[in-house]
Each structure stands twice: as C-alpha cells, then as structure tokens.
file entry_20.txt (compact mmCIF, C-alpha atoms)
# COMPACT_ATOMS: atom_id res chain seq x y z
CA MET A 1 -66.94 -86.43 -65.49
CA SER A 2 -65.65 -86.71 -62.03
CA ALA A 3 -65.86 -84.04 -59.39
CA GLU A 4 -62.27 -84.91 -58.55
CA SER A 5 -60.84 -84.41 -62.06
CA LEU A 6 -62.66 -81.10 -62.53
CA HIS A 7 -61.56 -79.91 -59.08
CA ALA A 8 -57.96 -80.93 -59.76
CA SER A 9 -57.93 -79.16 -63.14
CA ALA A 10 -59.40 -75.95 -61.69
CA THR A 11 -56.91 -75.99 -58.82
CA GLU A 12 -53.97 -76.59 -61.16
CA LEU A 13 -55.06 -73.82 -63.56
CA LEU A 14 -55.45 -71.29 -60.76
CA THR A 15 -52.19 -72.33 -59.10
CA ASP A 16 -50.29 -71.89 -62.38
CA TRP A 17 -51.98 -68.58 -63.28
CA GLN A 18 -49.87 -65.58 -62.33
CA PRO A 19 -51.94 -62.47 -63.08
CA GLU A 20 -50.29 -59.05 -63.07
CA GLU A 21 -53.24 -57.08 -61.68
CA ARG A 22 -53.76 -56.98 -57.93
CA ALA A 23 -57.53 -57.53 -58.24
CA ASP A 24 -56.91 -60.67 -60.35
CA ARG A 25 -54.39 -61.97 -57.81
CA SER A 26 -56.97 -61.46 -55.06
CA LEU A 27 -59.66 -63.26 -57.08
CA ARG A 28 -57.22 -66.10 -57.76
CA GLU A 29 -56.57 -66.54 -54.02
CA ALA A 30 -60.31 -66.39 -53.23
CA MET A 31 -61.06 -69.05 -55.85
CA LEU A 32 -58.29 -71.31 -54.55
CA ALA A 33 -59.67 -70.89 -51.01
CA PHE A 34 -63.15 -71.72 -52.29
CA LEU A 35 -61.86 -74.88 -53.97
CA GLY A 36 -60.00 -75.82 -50.79
CA SER A 37 -63.30 -75.85 -48.91
CA ALA A 38 -65.57 -77.21 -51.68
CA PRO A 39 -64.53 -80.58 -53.12
CA ARG A 40 -67.65 -80.56 -55.34
CA GLY A 41 -67.31 -76.85 -56.15
CA CYS A 42 -67.00 -77.43 -59.91
CA LEU A 43 -70.46 -78.94 -60.12
CA ARG A 44 -73.67 -77.02 -60.75
CA GLU A 45 -75.25 -78.80 -57.76
CA HIS A 46 -73.00 -76.85 -55.38
CA ALA A 47 -75.63 -74.18 -54.70
CA PRO A 48 -73.50 -71.63 -52.76
CA GLY A 49 -71.40 -71.18 -55.90
CA HIS A 50 -69.54 -73.18 -58.48
CA ILE A 51 -66.72 -73.03 -60.98
CA THR A 52 -67.91 -72.38 -64.54
CA ALA A 53 -66.04 -72.50 -67.84
CA SER A 54 -66.00 -69.59 -70.27
CA ALA A 55 -64.43 -69.09 -73.66
CA ILE A 56 -63.12 -65.86 -75.12
CA VAL A 57 -63.42 -66.86 -78.79
CA PHE A 58 -61.22 -64.78 -81.09
CA SER A 59 -61.25 -64.70 -84.86
CA HIS A 60 -58.25 -66.37 -86.52
CA ASP A 61 -56.38 -63.01 -86.63
CA ARG A 62 -57.56 -62.01 -83.12
CA SER A 63 -59.14 -58.79 -84.43
CA ASP A 64 -62.68 -59.82 -83.44
CA VAL A 65 -64.26 -61.59 -80.48
CA LEU A 66 -67.43 -63.69 -80.59
CA LEU A 67 -70.05 -62.63 -78.05
CA THR A 68 -73.49 -63.87 -77.14
CA LEU A 69 -76.40 -61.73 -76.03
CA HIS A 70 -77.32 -63.86 -73.06
CA PRO A 71 -81.09 -64.14 -72.47
CA ARG A 72 -80.84 -64.41 -68.67
CA VAL A 73 -78.08 -61.84 -68.17
CA GLY A 74 -79.33 -59.38 -70.81
CA ARG A 75 -75.80 -58.31 -71.86
CA TRP A 76 -73.19 -59.26 -74.40
CA ILE A 77 -70.84 -61.75 -72.75
CA GLN A 78 -68.37 -64.49 -73.68
CA LEU A 79 -69.56 -68.02 -74.39
CA GLY A 80 -69.51 -70.64 -71.66
CA GLY A 81 -71.39 -72.40 -68.92
CA HIS A 82 -71.46 -75.24 -66.44
CA CYS A 83 -69.24 -78.27 -66.34
CA GLU A 84 -71.21 -81.30 -67.54
CA PRO A 85 -70.94 -85.10 -67.58
CA GLY A 86 -68.13 -86.00 -69.95
CA ASP A 87 -65.96 -82.99 -69.11
CA GLU A 88 -62.76 -84.27 -67.53
CA THR A 89 -61.31 -80.77 -67.09
CA VAL A 90 -62.63 -77.24 -66.92
CA ALA A 91 -60.81 -76.54 -70.21
CA ASP A 92 -62.78 -79.41 -71.80
CA ALA A 93 -65.98 -77.77 -70.56
CA ALA A 94 -65.01 -74.39 -72.05
CA LEU A 95 -64.22 -75.94 -75.43
CA ARG A 96 -67.46 -77.95 -75.43
CA GLU A 97 -69.56 -74.93 -74.44
CA ALA A 98 -67.94 -72.70 -77.08
CA THR A 99 -68.47 -75.30 -79.79
CA GLU A 100 -72.11 -75.87 -78.80
CA GLU A 101 -72.94 -72.18 -78.47
CA SER A 102 -71.08 -71.00 -81.58
CA GLY A 103 -71.66 -73.86 -83.99
CA ILE A 104 -67.99 -73.49 -85.00
CA ALA A 105 -65.98 -76.69 -85.37
CA ASP A 106 -62.22 -76.87 -84.92
CA LEU A 107 -61.85 -74.13 -82.33
CA ARG A 108 -58.28 -74.10 -81.02
CA LEU A 109 -57.78 -73.87 -77.26
CA THR A 110 -54.79 -71.86 -76.04
CA PRO A 111 -53.17 -73.68 -73.08
CA GLY A 112 -53.50 -72.17 -69.61
CA LEU A 113 -55.94 -69.81 -67.98
CA TYR A 114 -56.80 -66.59 -69.80
CA GLY A 115 -58.43 -65.01 -66.75
CA ALA A 116 -61.15 -65.31 -64.12
CA GLN A 117 -64.33 -63.52 -63.10
CA ALA A 118 -66.96 -63.89 -60.38
CA HIS A 119 -70.64 -63.17 -61.00
CA PRO A 120 -73.68 -63.31 -58.73
CA ILE A 121 -76.42 -64.96 -60.78
CA THR A 122 -79.59 -66.99 -60.62
CA CYS A 123 -78.64 -69.84 -62.92
CA SER A 124 -80.40 -73.07 -63.87
CA LEU A 125 -80.68 -74.03 -60.20
CA GLY A 126 -83.34 -71.34 -59.86
CA LEU A 127 -81.57 -70.02 -56.75
CA PRO A 128 -79.22 -67.09 -56.31
CA THR A 129 -75.66 -68.38 -56.52
CA ARG A 130 -72.23 -67.28 -57.69
CA HIS A 131 -70.43 -68.32 -60.85
CA LEU A 132 -66.69 -68.46 -60.34
CA ASP A 133 -65.75 -68.26 -63.96
CA LEU A 134 -62.49 -69.60 -65.37
CA LEU A 135 -61.82 -68.03 -68.77
CA PHE A 136 -60.02 -69.69 -71.66
CA GLU A 137 -58.79 -68.27 -74.95
CA LEU A 138 -60.00 -70.03 -78.09
CA VAL A 139 -59.20 -69.14 -81.68
CA ALA A 140 -61.59 -69.81 -84.55
CA PRO A 141 -60.44 -71.11 -87.92
CA PRO A 142 -60.34 -68.65 -90.85
CA GLU A 143 -63.76 -67.82 -92.31
CA ALA A 144 -65.60 -69.33 -89.32
CA VAL A 145 -69.32 -68.55 -89.44
CA PRO A 146 -71.08 -68.72 -86.07
CA VAL A 147 -74.53 -70.26 -85.78
CA ARG A 148 -76.70 -69.06 -82.89
CA SER A 149 -77.91 -71.78 -80.52
CA ALA A 150 -81.09 -71.83 -78.46
CA GLU A 151 -78.98 -70.62 -75.49
CA SER A 152 -78.52 -67.17 -77.04
CA THR A 153 -80.68 -64.22 -78.03
CA ASP A 154 -78.03 -63.11 -80.53
CA LEU A 155 -74.50 -64.15 -81.47
CA ARG A 156 -71.98 -62.13 -83.44
CA TRP A 157 -68.41 -61.07 -83.99
CA TRP A 158 -67.38 -57.73 -82.49
CA PRO A 159 -64.14 -55.84 -83.13
CA VAL A 160 -61.87 -56.16 -80.10
CA ALA A 161 -61.54 -52.37 -80.13
CA GLY A 162 -65.30 -51.82 -80.51
CA LEU A 163 -67.29 -53.95 -78.07
CA PRO A 164 -71.01 -53.20 -77.68
CA PRO A 165 -72.14 -50.89 -74.87
CA GLY A 166 -72.59 -52.75 -71.59
CA ALA A 167 -70.57 -55.76 -72.70
CA ASP A 168 -69.15 -57.74 -69.78
CA VAL A 169 -66.02 -59.32 -71.25
CA ALA A 170 -62.61 -59.44 -69.61
CA LEU A 171 -60.25 -58.87 -72.54
CA ARG A 172 -56.53 -58.53 -71.85
CA GLU A 173 -54.64 -55.77 -73.58

call {"tool": "encode", "arguments": {"input": "entry_20.txt", "output": "structure tokens"}}
result
Amino acid sequence: MSAESLHASATELLTDWQPEERADRSLREAMLAFLGSAPRGCLREHAPGHITASAIVFSHDRSDVLLTLHPRVGRWIQLGGHCEPGDETVADAALREATEESGIADLRLTPGLYGAQAHPITCSLGLPTRHLDLLFELVAPPEAVPVRSAESTDLRWWPVAGLPPGADVALRE
C-alpha cells in the first residue's frame, strides 16, 4: 500500500462521481477539499479523519443487501473498514473488507463510486475521529452464503425494500 496510490484513487473516484443530490455534491466537494489538504488522509493514522472503504453487497439479483450488525456502532450497516497494507486503491480495500467480513468468495465489484457518507466515530485509534466513507457496489454470486466474522455481532441478507429499523445504509433508488 502506498499513501500516494490510495490518495490518487480516492481523488479520482470523487472527481469522476457526479451525484444528482445536492447534499451528495456538497459531501463530494468537502471530501475533495479534505484530500487536497491531507496527503495521508486515506490512512487510519490520520487521526482528524480518514477515508474508509465500504461495500454495499447485493445478492446476485439485487433484491437483497448484506448487512452487518456492527458491535461498536450498534446498528445494521454495510460492510467495510480501513485501508490496509496491500490495498493499492480504495476499491481494493472495499473488496477485501467485504470478502473478509462476509466470507463470500468471488464478489463482483461494479466500477466507479456508488456513494459517500461521513460518520463521526471512535474507531480503532481509540480517539474520536471521522470516517469519510467511499461506498462501492458489489454483487454476490448466486446462492452465496455469508459467514459472520469476528468483526460482526450478526450478519444477514435483508430485502432492499425491508431494511431493519435503524439501519444506516445509503441505498440508491
């Protein structure tokens, strides 16, 4: 992993992303400004905040979405996490995290950015920080069976039209 390759991939993804919603356009500009001032902003060590990689994992027919009941957050959210050694791009990090957290091999990554979110959180640094989350769409193979990892309290498929109460997932319509 290099801070430079992750930074370049995040910048390129955000530059190419053209969201329709005004709030998303504003978040996009804020994230690009953050990256312009934080050359190491894709690394967990950047305590004021850092880019993270999330995966919206859909079933093969896109009728269901795989969510984790996150132990630290206490809500159903998408899979994902920090960029790690070996991740050349933020998309690589999202695919790695989704594979590790779901136990599903052969997830297919849809090119481009699916969306973005920002979350105040106390993450593994043990300090309050902000996750600037780049979201990617992944599609599971038919008959994929998720296997919960140690990073999750629970893991299951939810109908796109029937997410659990309090779920914090940015699904596009």

call {"tool": "atom_distance", "arguments": {"input": "entry_20.txt", "atom1": "atom CA of A:Ala140", "atom2": "atom CA of A:Cys42"}}
result
26.4 Å

call {"tool": "residues_around", "arguments": {"input": "entry_20.txt", "residues": "stretch 91-103 of chain A", "least_positions_apart": "4", "cutoff": "8 Å", "atoms": "only C-alpha atoms", "output": "PDB file with C-alpha atoms, in the coordinates of the input"}}
result
ATOM      1  CA  ALA A  53     -66.040 -72.500 -67.840  1.00  0.00           C
ATOM      2  CA  SER A  54     -66.000 -69.590 -70.270  1.00  0.00           C
ATOM      3  CA  ALA A  55     -64.430 -69.090 -73.660  1.00  0.00           C
ATOM      4  CA  VAL A  57     -63.420 -66.860 -78.790  1.00  0.00           C
ATOM      5  CA  LEU A  79     -69.560 -68.020 -74.390  1.00  0.00           C
ATOM      6  CA  GLY A  80     -69.510 -70.640 -71.660  1.00  0.00           C
ATOM      7  CA  GLY A  81     -71.390 -72.400 -68.920  1.00  0.00           C
ATOM      8  CA  HIS A  82     -71.460 -75.240 -66.440  1.00  0.00           C
ATOM      9  CA  CYS A  83     -69.240 -78.270 -66.340  1.00  0.00           C
ATOM     10  CA  GLU A  84     -71.210 -81.300 -67.540  1.00  0.00           C
ATOM     11  CA  ASP A  87     -65.960 -82.990 -69.110  1.00  0.00           C
ATOM     12  CA  LEU A 107     -61.850 -74.130 -82.330  1.00  0.00           C
ATOM     13  CA  LEU A 109     -57.780 -73.870 -77.260  1.00  0.00           C
ATOM     14  CA  LEU A 135     -61.820 -68.030 -68.770  1.00  0.00           C
ATOM     15  CA  PHE A 136     -60.020 -69.690 -71.660  1.00  0.00           C
ATOM     16  CA  LEU A 138     -60.000 -70.030 -78.090  1.00  0.00           C
ATOM     17  CA  VAL A 145     -69.320 -68.550 -89.440  1.00  0.00           C
ATOM     18  CA  PRO A 146     -71.080 -68.720 -86.070  1.00  0.00           C
ATOM     19  CA  VAL A 147     -74.530 -70.260 -85.780  1.00  0.00           C
ATOM     20  CA  ARG A 148     -76.700 -69.060 -82.890  1.00  0.00           C
ATOM     21  CA  SER A 149     -77.910 -71.780 -80.520  1.00  0.00           C
ATOM     22  CA  GLU A 151     -78.980 -70.620 -75.490  1.00  0.00           C
ATOM     23  CA  SER A 152     -78.520 -67.170 -77.040  1.00  0.00           C
ATOM     24  CA  LEU A 155     -74.500 -64.150 -81.470  1.00  0.00           C
TER      25      LEU A 155
END

call {"tool": "residues_around", "arguments": {"input": "entry_20.txt", "residues": "A:Leu163", "least_positions_apart": "3", "cutoff": "12 Å", "atoms": "only C-alpha atoms", "output": "list in words"}}
result
Ser63, Asp64, Val65, Leu66, Leu67, Thr68, Arg75, Trp76, Ile77, Gln78, Arg156, Trp157, Trp158, Pro159, Val160, Gly166, Ala167, Asp168, Val169, Ala170 and Leu171 of chain A

call {"tool": "closest_residue", "arguments": {"input": "entry_20.txt", "among": "A:Pro85, A:Pro164, A:Pro142, A:Pro48", "to": "A:Cys123", "atoms": "only C-alpha atoms"}}
result
A:Pro48

call {"tool": "atom_distance", "arguments": {"input": "entry_20.txt", "atom1": "atom CA of A:Asp154", "atom2": "atom CA of A:Pro111"}}
result
28.0 Å

call {"tool": "axis_aligned_box", "arguments": {"input": "entry_20.txt", "around": "stretch 33-42 of chain A", "padding_each_side": "5 Å", "output": "AutoDock Vina command-line options"}}
result
--center_x -63.7 --center_y -75.7 --center_z -54.4 --size_x 18.0 --size_y 19.7 --size_z 21.0

call {"tool": "atom_distance", "arguments": {"input": "entry_20.txt", "atom1": "atom CA of A:Gly36", "atom2": "atom CA of A:Arg22"}}
result
21.1 Å

call {"tool": "residues_around", "arguments": {"input": "entry_20.txt", "residues": "A:Pro39", "least_positions_apart": "4", "cutoff": "8 Å", "atoms": "all atoms listed in the file", "output": "list in words"}}
result
Ala3, Glu4, His7 and Leu35 of chain A

call {"tool": "closest_residue", "arguments": {"input": "entry_20.txt", "among": "A:His50, A:His70, A:Arg28, A:Arg44", "to": "A:Ala150", "atoms": "only C-alpha atoms"}}
result
A:His70

call {"tool": "closest_residue", "arguments": {"input": "entry_20.txt", "among": "A:Leu32, A:Ile56, A:Ala144, A:Ile51", "to": "A:His131", "atoms": "only C-alpha atoms"}}
result
A:Ile51

call {"tool": "closest_residue", "arguments": {"input": "entry_20.txt", "among": "A:Leu113, A:Phe34, A:Pro128, A:Phe58", "to": "A:Trp17", "atoms": "all atoms listed in the file"}}
result
A:Leu113

call {"tool": "closest_residue", "arguments": {"input": "entry_20.txt", "among": "A:His46, A:Asp16, A:Ala8, A:Ala33", "to": "A:Arg130", "atoms": "all atoms listed in the file"}}
result
A:His46

call {"tool": "build_atoms", "arguments": {"input": "entry_20.txt", "residues": "stretch 123-154 of chain A", "atoms": "N, CA and C atoms", "output": "PDB file, in the frame of the given file"}}
result
ATOM      1  N   CYS A 123     -78.866 -68.998 -61.747  1.00  0.00           N
ATOM      2  CA  CYS A 123     -78.640 -69.840 -62.920  1.00  0.00           C
ATOM      3  C   CYS A 123     -79.711 -70.923 -62.984  1.00  0.00           C
ATOM      4  N   SER A 124     -79.415 -72.006 -63.641  1.00  0.00           N
ATOM      5  CA  SER A 124     -80.400 -73.070 -63.870  1.00  0.00           C
ATOM      6  C   SER A 124     -80.880 -73.736 -62.593  1.00  0.00           C
ATOM      7  N   LEU A 125     -80.199 -73.495 -61.475  1.00  0.00           N
ATOM      8  CA  LEU A 125     -80.680 -74.030 -60.200  1.00  0.00           C
ATOM      9  C   LEU A 125     -81.958 -73.327 -59.749  1.00  0.00           C
ATOM     10  N   GLY A 126     -82.188 -72.120 -60.271  1.00  0.00           N
ATOM     11  CA  GLY A 126     -83.340 -71.340 -59.860  1.00  0.00           C
ATOM     12  C   GLY A 126     -83.122 -70.612 -58.541  1.00  0.00           C
ATOM     13  N   LEU A 127     -81.917 -70.666 -58.016  1.00  0.00           N
ATOM     14  CA  LEU A 127     -81.570 -70.020 -56.750  1.00  0.00           C
ATOM     15  C   LEU A 127     -80.428 -69.053 -56.978  1.00  0.00           C
ATOM     16  N   PRO A 128     -80.391 -67.964 -56.207  1.00  0.00           N
ATOM     17  CA  PRO A 128     -79.220 -67.090 -56.310  1.00  0.00           C
ATOM     18  C   PRO A 128     -77.960 -67.863 -55.939  1.00  0.00           C
ATOM     19  N   THR A 129     -76.927 -67.694 -56.739  1.00  0.00           N
ATOM     20  CA  THR A 129     -75.660 -68.380 -56.520  1.00  0.00           C
ATOM     21  C   THR A 129     -74.545 -67.489 -57.050  1.00  0.00           C
ATOM     22  N   ARG A 130     -73.374 -68.016 -57.153  1.00  0.00           N
ATOM     23  CA  ARG A 130     -72.230 -67.280 -57.690  1.00  0.00           C
ATOM     24  C   ARG A 130     -71.512 -68.179 -58.679  1.00  0.00           C
ATOM     25  N   HIS A 131     -71.259 -67.633 -59.867  1.00  0.00           N
ATOM     26  CA  HIS A 131     -70.430 -68.320 -60.850  1.00  0.00           C
ATOM     27  C   HIS A 131     -68.996 -67.824 -60.688  1.00  0.00           C
ATOM     28  N   LEU A 132     -68.111 -68.742 -60.430  1.00  0.00           N
ATOM     29  CA  LEU A 132     -66.690 -68.460 -60.340  1.00  0.00           C
ATOM     30  C   LEU A 132     -66.105 -68.940 -61.667  1.00  0.00           C
ATOM     31  N   ASP A 133     -65.953 -67.998 -62.552  1.00  0.00           N
ATOM     32  CA  ASP A 133     -65.750 -68.260 -63.960  1.00  0.00           C
ATOM     33  C   ASP A 133     -64.278 -68.311 -64.333  1.00  0.00           C
ATOM     34  N   LEU A 134     -63.839 -69.466 -64.824  1.00  0.00           N
ATOM     35  CA  LEU A 134     -62.490 -69.600 -65.370  1.00  0.00           C
ATOM     36  C   LEU A 134     -62.582 -69.358 -66.870  1.00  0.00           C
ATOM     37  N   LEU A 135     -61.762 -68.435 -67.375  1.00  0.00           N
ATOM     38  CA  LEU A 135     -61.820 -68.030 -68.770  1.00  0.00           C
ATOM     39  C   LEU A 135     -60.658 -68.636 -69.560  1.00  0.00           C
ATOM     40  N   PHE A 136     -60.990 -69.090 -70.765  1.00  0.00           N
ATOM     41  CA  PHE A 136     -60.020 -69.690 -71.660  1.00  0.00           C
ATOM     42  C   PHE A 136     -60.049 -68.959 -72.990  1.00  0.00           C
ATOM     43  N   GLU A 137     -58.896 -68.883 -73.631  1.00  0.00           N
ATOM     44  CA  GLU A 137     -58.790 -68.270 -74.950  1.00  0.00           C
ATOM     45  C   GLU A 137     -58.924 -69.357 -76.003  1.00  0.00           C
ATOM     46  N   LEU A 138     -59.843 -69.135 -76.955  1.00  0.00           N
ATOM     47  CA  LEU A 138     -60.000 -70.030 -78.090  1.00  0.00           C
ATOM     48  C   LEU A 138     -59.880 -69.207 -79.360  1.00  0.00           C
ATOM     49  N   VAL A 139     -59.365 -69.831 -80.405  1.00  0.00           N
ATOM     50  CA  VAL A 139     -59.200 -69.140 -81.680  1.00  0.00           C
ATOM     51  C   VAL A 139     -59.964 -69.934 -82.744  1.00  0.00           C
ATOM     52  N   ALA A 140     -60.780 -69.203 -83.498  1.00  0.00           N
ATOM     53  CA  ALA A 140     -61.590 -69.810 -84.550  1.00  0.00           C
ATOM     54  C   ALA A 140     -60.763 -69.990 -85.822  1.00  0.00           C
ATOM     55  N   PRO A 141     -61.120 -70.961 -86.631  1.00  0.00           N
ATOM     56  CA  PRO A 141     -60.440 -71.110 -87.920  1.00  0.00           C
ATOM     57  C   PRO A 141     -60.814 -69.952 -88.854  1.00  0.00           C
ATOM     58  N   PRO A 142     -59.994 -69.708 -89.887  1.00  0.00           N
ATOM     59  CA  PRO A 142     -60.340 -68.650 -90.850  1.00  0.00           C
ATOM     60  C   PRO A 142     -61.724 -68.889 -91.451  1.00  0.00           C
ATOM     61  N   GLU A 143     -62.430 -67.803 -91.683  1.00  0.00           N
ATOM     62  CA  GLU A 143     -63.760 -67.820 -92.310  1.00  0.00           C
ATOM     63  C   GLU A 143     -64.810 -68.564 -91.495  1.00  0.00           C
ATOM     64  N   ALA A 144     -64.608 -68.678 -90.181  1.00  0.00           N
ATOM     65  CA  ALA A 144     -65.600 -69.330 -89.320  1.00  0.00           C
ATOM     66  C   ALA A 144     -66.887 -68.506 -89.311  1.00  0.00           C
ATOM     67  N   VAL A 145     -68.006 -69.197 -89.460  1.00  0.00           N
ATOM     68  CA  VAL A 145     -69.320 -68.550 -89.440  1.00  0.00           C
ATOM     69  C   VAL A 145     -70.085 -69.092 -88.237  1.00  0.00           C
ATOM     70  N   PRO A 146     -70.355 -68.233 -87.251  1.00  0.00           N
ATOM     71  CA  PRO A 146     -71.080 -68.720 -86.070  1.00  0.00           C
ATOM     72  C   PRO A 146     -72.553 -68.963 -86.385  1.00  0.00           C
ATOM     73  N   VAL A 147     -73.118 -69.926 -85.663  1.00  0.00           N
ATOM     74  CA  VAL A 147     -74.530 -70.260 -85.780  1.00  0.00           C
ATOM     75  C   VAL A 147     -75.122 -70.168 -84.380  1.00  0.00           C
ATOM     76  N   ARG A 148     -76.086 -69.283 -84.207  1.00  0.00           N
ATOM     77  CA  ARG A 148     -76.700 -69.060 -82.890  1.00  0.00           C
ATOM     78  C   ARG A 148     -77.411 -70.311 -82.408  1.00  0.00           C
ATOM     79  N   SER A 149     -77.211 -70.645 -81.133  1.00  0.00           N
ATOM     80  CA  SER A 149     -77.910 -71.780 -80.520  1.00  0.00           C
ATOM     81  C   SER A 149     -79.133 -71.261 -79.763  1.00  0.00           C
ATOM     82  N   ALA A 150     -79.905 -72.184 -79.245  1.00  0.00           N
ATOM     83  CA  ALA A 150     -81.090 -71.830 -78.460  1.00  0.00           C
ATOM     84  C   ALA A 150     -80.713 -71.160 -77.138  1.00  0.00           C
ATOM     85  N   GLU A 151     -79.433 -71.222 -76.751  1.00  0.00           N
ATOM     86  CA  GLU A 151     -78.980 -70.620 -75.490  1.00  0.00           C
ATOM     87  C   GLU A 151     -78.676 -69.134 -75.615  1.00  0.00           C
ATOM     88  N   SER A 152     -78.920 -68.555 -76.782  1.00  0.00           N
ATOM     89  CA  SER A 152     -78.520 -67.170 -77.040  1.00  0.00           C
ATOM     90  C   SER A 152     -79.642 -66.393 -77.703  1.00  0.00           C
ATOM     91  N   THR A 153     -79.758 -65.116 -77.345  1.00  0.00           N
ATOM     92  CA  THR A 153     -80.680 -64.220 -78.030  1.00  0.00           C
ATOM     93  C   THR A 153     -80.074 -63.749 -79.334  1.00  0.00           C
ATOM     94  N   ASP A 154     -78.761 -63.531 -79.334  1.00  0.00           N
ATOM     95  CA  ASP A 154     -78.030 -63.110 -80.530  1.00  0.00           C
ATOM     96  C   ASP A 154     -76.591 -63.584 -80.363  1.00  0.00           C
TER      97      ASP A 154
END
